[in-house]
Structure formats: structure tokens, C-alpha cells
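Q: Here you go, one structure.
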Amino acid sequence: MDYKKYISEKAAAEGLSAEEIYSSVALPPDPAMGDYALPCFRFAKALRKSPVAIAQDIAANFSADGVIEKAEAVNGYVNFTVNKGALAREVLKEVLSAGESYGSSREGEGKTVCIDYSSVNIAKPFHIGHLSTTAIGSALYKIFSFLGYRAVGINHLGDYGTQFGKLICAYKHWGDREEVEKGGIHAVNDLYVRFNSEATEDMEREAREYFRLIESGDKEANALFDWFKELTLKYVKGIYKKLNVTFDSYAGERFYTDKMQPVIDELRQKGLLKESEGAQIVDLEPYGMPPCLILRSDGASLYATRDLAAAIYRKNTYDFYKCLYVVAYQQNLHFRQVFKVLELMGREWAKDLVHVAYGMVSLEDGAMSTRKGKVVWLEDVINRCVEKAYGIISEKNPELENKREVAEKVGVGAVIFGALYNSKIKDIVFSYDKVLSFEGETSVYVQYTCARANSVLEKGGIPSAYSVPELLPQEAEVVKALAAFPQAVKDAAEKYEPSVVARYAVDLAQKFNKFYFDCKILSAEGDRKDFRLALTAAALTALKNALGLLGIGVPDKM
Ligand code: ARG
């Protein structure tokens with residue numbers, strides 16, 4: 001039930017509409033004050049009364065009922081107290097009947113959200129820097145789908161550029177088919193690294209020629225290029241599988257090769273293209289930005305040119321309501337430029353393009369030695385986390401069956417959660433000990449709470465019927481947290497911020513644990529026991545749903 005709506009409709013009065021009240025109702029900082037608070041300061045001017053008097057009037061005219069049991073005026077605020085018994089009845093029924101779909105909605109029906117994330121570069125390492133875009137983008141994909149949107153996951157592959165000429169050249173000189181086949185992306189990357197440190201001028205020239213051959217459709221050059229691409233994709237898809245990440249399209253930069261010319265023509269025709277030192281640019285000085293480079297002086301297109309073509313293609317193909325780009329904040333300027341150019345081209349939907357920027361991930365000092373120089377491969381981070389999880393689990397619960405499977409869920413979950421728990425724009429320092437702590441604000445903590453709830457339910461069963469008694473504060477807190485889940489999912493989508501769901505999960509887990517330790521569940525009497533079991537089942541459902549939206553699985557036992 002939407003309490004804010006209920007309160008605002010009931011509190012509406014002469015000169016004060018339900019809508020105005022609705023947008024002001026907030027959660028009080030301390031639950032002892034009430035469940036909702038209405039600050040009246042904003043209304044003083046229009047009503048020509050002091051906030052204190054307004055609050056008193058609203059409270060005095062608000063008749064308590066079975067939904068809101070108390071409305072109290074305190075220093076210009078009205079504090080509302082929800083009838084917890086009624087709330088519990090309603091919420092438990094809803095959670096237990098909805099199950100896996102609790103928290104979902106149909107608000108996005110008929111709308112498409114394109115999400116460009118992970119976007120790996122062919123033949124280059126898939127490294128720790130790709131963790132955030134992958135985890136955030138995938139969580140947004142799941143969150144929007146849960147809200148009824150059609151989500152389109154796009155991996156805008158970095159598969160265009162002179163580096164592929166270099167790669168082919170390196171392979172021709174030093175490569176061996178079998179070795180590359182066996183070594184996969186690592187072997188490919190080694191060739192590229194070697195080229196960059198050892199290539200002679202002749203080889204550089206050759207590389208440019210190979211790039212030209214790819215561009216002009218040469219069979220052999222393209223076959224090699226496709227092979228490198230295939231090896232990279234096979235490798236990253238293995239990692240995506242581990243991380244529960246999926247895509248609907250792998251249309252990368254190359255895909256736009258033949259889609260750039262119309263964009264360039266349109267820019268020229270609209271008088272937006274200018275020559276500058278032989279290059280073609282769009283001047284963005286009036287908007288306080290450096291020019292957007294469209295064609296280099298040798299006629300080659302740029303990253304921005306392909307993004308312009310891609311945005312137009314996506315609009316034509318998917319008719320999106322929003323198109324999100326989950327890309328590091330280092331590319332802030334790039335996206336501001338691209339969005340602005342589209343706006344100047346008269347694409348009114350440019351306002352629906354959103355750069356979902358995030359901060360950097362680094363590893364705690366000395367946390368691991370890297371396989372290749374400075375780059376830390378994401379795969380190594382995942383494997384190491386799973387290994388550590390295995391060690392911890394074996395120590396904590398040596399009897400546990402399928403430890404490997406559990407360690408996989410715990411380790412992978414820790415990597416994802418580590419990238420999602422903080423507000424996305426913050427730089428984060430990844431620490432194995434921190435993300436794997438059973439006591440911290442971690443996925444492990446939430447998963448362990450689920451295992452605890454599961455074990456209670458295994459012993460006590462899920463009651464088919466229960467009645468709601470007078471609630472203790474610990475029980476009421478769990479009920480309130482359960483009721484807050486749908487809103488948390490909505491907020492996460494609205495702010496493009498999966499951390500809202502991650503924090504929700506930790507908060508609910510903490511409240512459930514307080515309830516678990518303070519209140520006996522299995523040894524409670526009759527009705528109370530049934531209610532507590534139902535509450536436990538509902539908490540487990542919401543926790544699983546929350547972690548599921550982040551791509552994190554929940555083991556039954558830990
Ligand atoms: N491959 C790019 C990189 O690694 C990210 C691409 C992001 N998506 C886009 N449409 N530009 O920096």
C-alpha cells in the first residue's frame with residue numbers, strides 16, 4: 001500500500017492539495033518519532049500561517065484509523081505512526097503470494113531501455129577496470145526488466161582501430177596458430193604487447209597496411225580479425241556466465257562502419273561540420289566544450305563518429321525511452337560532446353541519452369601479483385575470491401556438502417557486491433578481506449543471513465496460515481523493511497544506482513538478524529511461532545530477490 005498517498009489524501013485541506021503534501025512526506029530520521037513525517041515549512045507562505053500552527057491543524061483534523069493510528073504535531077512537523085499490525089498483515093500476504101516477483105511492477109510496460117555496458121575491447125585484457133561497468137550495467141538490466149521495461153543489453157565492442165592492423169602484423173611475424181588457439185585471449189594479448197615494445201618501423205608500416213586491408217574487405221585480413229574477435233568473445237562470455245551477465249546485442253564499433261557516412265552527410269548538410277587543420281569537426285565552443293572530432297585529416301572516423309551513428313541506429317531500431325551508457329567518468333566529456341552534437345542535429349531524443357558514470361576500481365596495495373605487468377585481469381580477481389571463499393567456508397563449516405558450488409556463489413557474489421555497494425561515482429579500493437567478511441556490509445553477510453533463515457524454515461516449516469499478533473519492535477522493523485523493497489527497486493532505477501538495492505539488502509539482513517537473535521522463532525508459542533516463521537519466509541524472499549537483481553545467487557546452506 002502506498003502510505004504516502006494515503007496520508008496525503010487524508011491530510012489534504014483547504015489551500016493544501018494532496019499532491020503538494022505527497023511530495024513533502026518523508027521518512028523521519030528516528031523510527032521512534034513515527035513512520036512518516038510531514039514538514040510544514042514549505043506551506044507557510046501560501047497558507048499565511050506558521051509551520052507550527054499548520055502542523056497542529058493537520059494533526060488535529062487527521063482522524064486516526066486502522067491504517068494510520070496516530071498523527072502528532074511536533075515543531076512544525078506532523079509525525080504519522082502506521083498501524084503495524086495492519087501493515088504486517090498486508091505486507092506478509094503480498095510478499096508470500098508474490099514470491100520471486102515481490103518488488104516487481106509493470107510501470108515500465110511498453111518502454112524500452114537500452115543499456116550499453118561492459119563494452120570490451122577485442123584482443124585487449126578484460127581487466128578489473130571493467131568490473132564496475134559490467135556489474136552496474138547488468139544490475140540495471142535486471143532492475144529495469146523487473147519493473148516491466150524491455151531492457152536491451154548492448155556490448156558496444158571495441159573492435160575498430162589501427163591496433164588490429166598491429167595485431168595481424170605481430171601474428172604474421174611471431175604467431176603460431178596452435179599456440180594462439182590454446183592460449184586464447186592471453187596469447188593474443190601477448191602478441192599485441194610484444195608488438196608495442198618490439199615493432200620496427202617497417203612493421204609499423206606493415207601494420208597500417210593490414211589495417212587498410214581489413215577496411216577494404218580483404219579476405220585474409222578479415223579472417224584473422226574475425227578469429228581474434230571470436231577468441232576474445234569466447235573468453236569474455238565465459239566470464240559473463242560466471243557473473244550472471246547477459247547481452248542482447250554485440251554490435252560493436254565495426255558494426256557502424258557503413259552507418260557513419262549518412263551521419264557525416266547530415267552534419268554537413270546542416271552546416272554543423274567545419275574544417276579545422278584538415279580535420280572535420282563540430283564546433284562546441286559556444287557550449288563550453290572542445291570541438292567534437294568527426295573525421296581526421298586522413299579521412300578516418302573516430303570513436304565519437306561511431307557513437308553518433310550508434311545512437312541513431314539504436315533509436316531507429318529499438319525506439320528507446322532511455323539509452324544508458326555505463327562508462328567510467330573519464331569519458332564524461334566524450335558523452336557530453338556526443339549528446340550535444342545529436343541535439344544540434346535536431347534529435348529531440350538526445351535528452352533521453354544518459355551517461356551513467358562511475359568511479360575507478362583499484363586493488364588494495366600488494367593484494368595480488370598480476371599475470372601481465374600492471375594489468376589485473378578480472379578473471380584472476382574472481383578466481384582468487386572464489387578460492388578464498390572456499391577456504392573460509394571449509395574452515396567455518398567443514399561438514400558442508402557441495403562446498404565448491406557454495407564458494408562459487410559466495411566468491412562471485414563478493415566481487416559483484418564489492419563493485420555495487422558504494423554509490424557508483426565513488427572510486428573504490430577493492431579489498432579481498434573486506435568483500436569476504438561475514439560481519440561487514442557484504443553479500444556474504446546477506447547470503448549467510450539467508451542460510452540462517454533457510455535453516456529456521458527447514459526446521460519449522462512455512463505455515464499455511466498465521467495470524468498477526470501485537471508486534472514487538474524487532475518484528476515491526478522487519479515488517480517495515482519488507483514494505484520498503486518495491487520503493488528501493490524504483491529508486492535504484494530512477495537514480496541508475498544499484499547500490500540502493502545493495503544497501504537495502506544489508507539493511508533488511510541486519511534487521512532480520514536483530515529479530516532472529518532477540519526473539520525466539522522456533523521455540524515461540526503457537527500463533528507467535530507461526531507468525532515468526534511467516535516473517536522469516538518473507539524476509540528470505542525479499543533478500544533473495546534483492547541479491548538476484550544484482551546477479552548474486554543464494555546458497556541454501558553455508
Ligand atoms: N570500449 C570502450 C572503452 O573501453 C567503452 C565503450 C563504451 N560505449 C560507448 N558506446 N562508447 O573505453
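Chains: A, B, ... in order of the C-alpha cells. Residues: from 1 per chain. Ligands: from 1, in order shown.
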So that each row is one residue of stretch 121-156 of chain A with an atom at most 12 Å from stretch 473-486 of chain A, can you give its shortest atom pair and the distance in Å to one decimal, using only C-alpha atoms, rows by chain and rising number, as a Markdown table?
A:
```
| residue | atom | partner | partner_atom | distance |
| --- | --- | --- | --- | --- |
| A:Ile143 | CA | A:Pro486 | CA | 10.9 |
| A:Phe146 | CA | A:Pro486 | CA | 10.3 |
| A:Leu147 | CA | A:Pro486 | CA | 9.4 |
```
Q: Please return as number ranges by chain: the residues of stretch 388-520 of chain A that backbone DSSP assigns to alpha helix (DSSP H).
A: A: 388-396, 403-420, 432-435, 443-460, 473-483, 485-495, 499-518
Q: Counting only C-alpha atoms and all ligand atoms, which residues of chain A sit at most 8 Å from some atom of ligand 1, and what is each one's closest atom pair with its distance in Å to one decimal, listed by chain and rising residue number, as a tab-separated table?
A:
```
residue	atom	partner	partner_atom_place_in_ligand_line	distance
A:Asp116	CA	ligand 1	8 (N)	6.0
A:Tyr117	CA	ligand 1	7 (C)	6.7
A:Ser118	CA	ligand 1	5 (C)	7.3
A:Ser119	CA	ligand 1	1 (N)	4.9
A:Val120	CA	ligand 1	1 (N)	5.2
A:Asn121	CA	ligand 1	1 (N)	5.2
A:His130	CA	ligand 1	4 (O)	7.8
A:Asn155	CA	ligand 1	8 (N)	7.7
A:His156	CA	ligand 1	8 (N)	5.4
A:Leu157	CA	ligand 1	1 (N)	5.9
A:Gly158	CA	ligand 1	1 (N)	4.5
A:Tyr303	CA	ligand 1	11 (N)	7.2
A:Ala304	CA	ligand 1	11 (N)	7.7
A:Asp307	CA	ligand 1	10 (N)	5.5
A:Ala310	CA	ligand 1	10 (N)	7.3
A:Tyr325	CA	ligand 1	8 (N)	6.1
A:Val326	CA	ligand 1	7 (C)	7.1
A:Val327	CA	ligand 1	7 (C)	5.7
A:Ala328	CA	ligand 1	12 (O)	7.9
A:Gln331	CA	ligand 1	12 (O)	7.8
A:Phe335	CA	ligand 1	11 (N)	7.9
```
Q: Calculated over only C-alpha atoms, which of the candidates A:Ile428, A:Leu471, A:Val554, A:Met33 has the smallest distance to A:Arg528?
A: A:Leu471
Q: What's around A:Glu100 at 7 Å? Count only C-alpha atoms, leave out sequence neighbours fewer than 2 positions away in its own chain, and write the answer as a ChimeraX atom specification.
A: /A:98,102,541,545
Q: Go ahead and dump the residues you just picked, N, CA and C atoms, as a tab-separated table (two decimals), in the first residue's frame.
A:
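The resulting file, selection.tsv, is shown below:
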```
chain	number	residue	atom	x	y	z
A	98	ALA	N	3.52	-13.18	-3.74
A	98	ALA	CA	4.28	-12.80	-4.95
A	98	ALA	C	5.57	-13.60	-5.10
A	102	TYR	N	8.11	-10.49	-5.92
A	102	TYR	CA	7.86	-9.40	-4.96
A	102	TYR	C	8.83	-8.25	-5.23
A	541	THR	N	12.58	-14.25	1.15
A	541	THR	CA	12.16	-13.92	-0.21
A	541	THR	C	12.70	-12.57	-0.66
A	545	ASN	N	15.42	-11.86	-3.61
A	545	ASN	CA	15.05	-11.02	-4.76
A	545	ASN	C	16.04	-9.87	-4.92
```
Q: Rounded to one decimal, what separation in Å do you get between atom CA of A:Val375 and atom CA of A:His127?
A: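 Result for atom CA of A:Val375 versus atom CA of A:His127: 6.6 Å, one decimal.
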Q: Tell me which protein, DNA and RNA residues are within 12 Å of A:Val406, counting only C-alpha atoms, leaving out same-chain ones fewer than 3 positions away, and put them as a PyMOL selection string.
A: chain A and resi 386-394+397+400-403+409-413+444+447-448+451+552-558
Q: With only C-alpha atoms as the atoms that count, which of A:Ala60, A:Leu224, A:Ala309, A:Cys323 lies nearest to A:Phe255?
A: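 The answer is A:Ala309, which sits nearest to A:Phe255.
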Q: Ranking A:Lys529, A:Ile294, A:Phe517, A:Met1 by minimum distance to A:Glu94 and counting only C-alpha atoms, which one comes first?
A: A:Met1
Q: To one decimal in Å, tell me the separation between atom CA of A:Lys84 and atom CA of A:Val446.
A: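 Taking atom CA of A:Lys84 and atom CA of A:Val446, their separation equals 25.0 Å.
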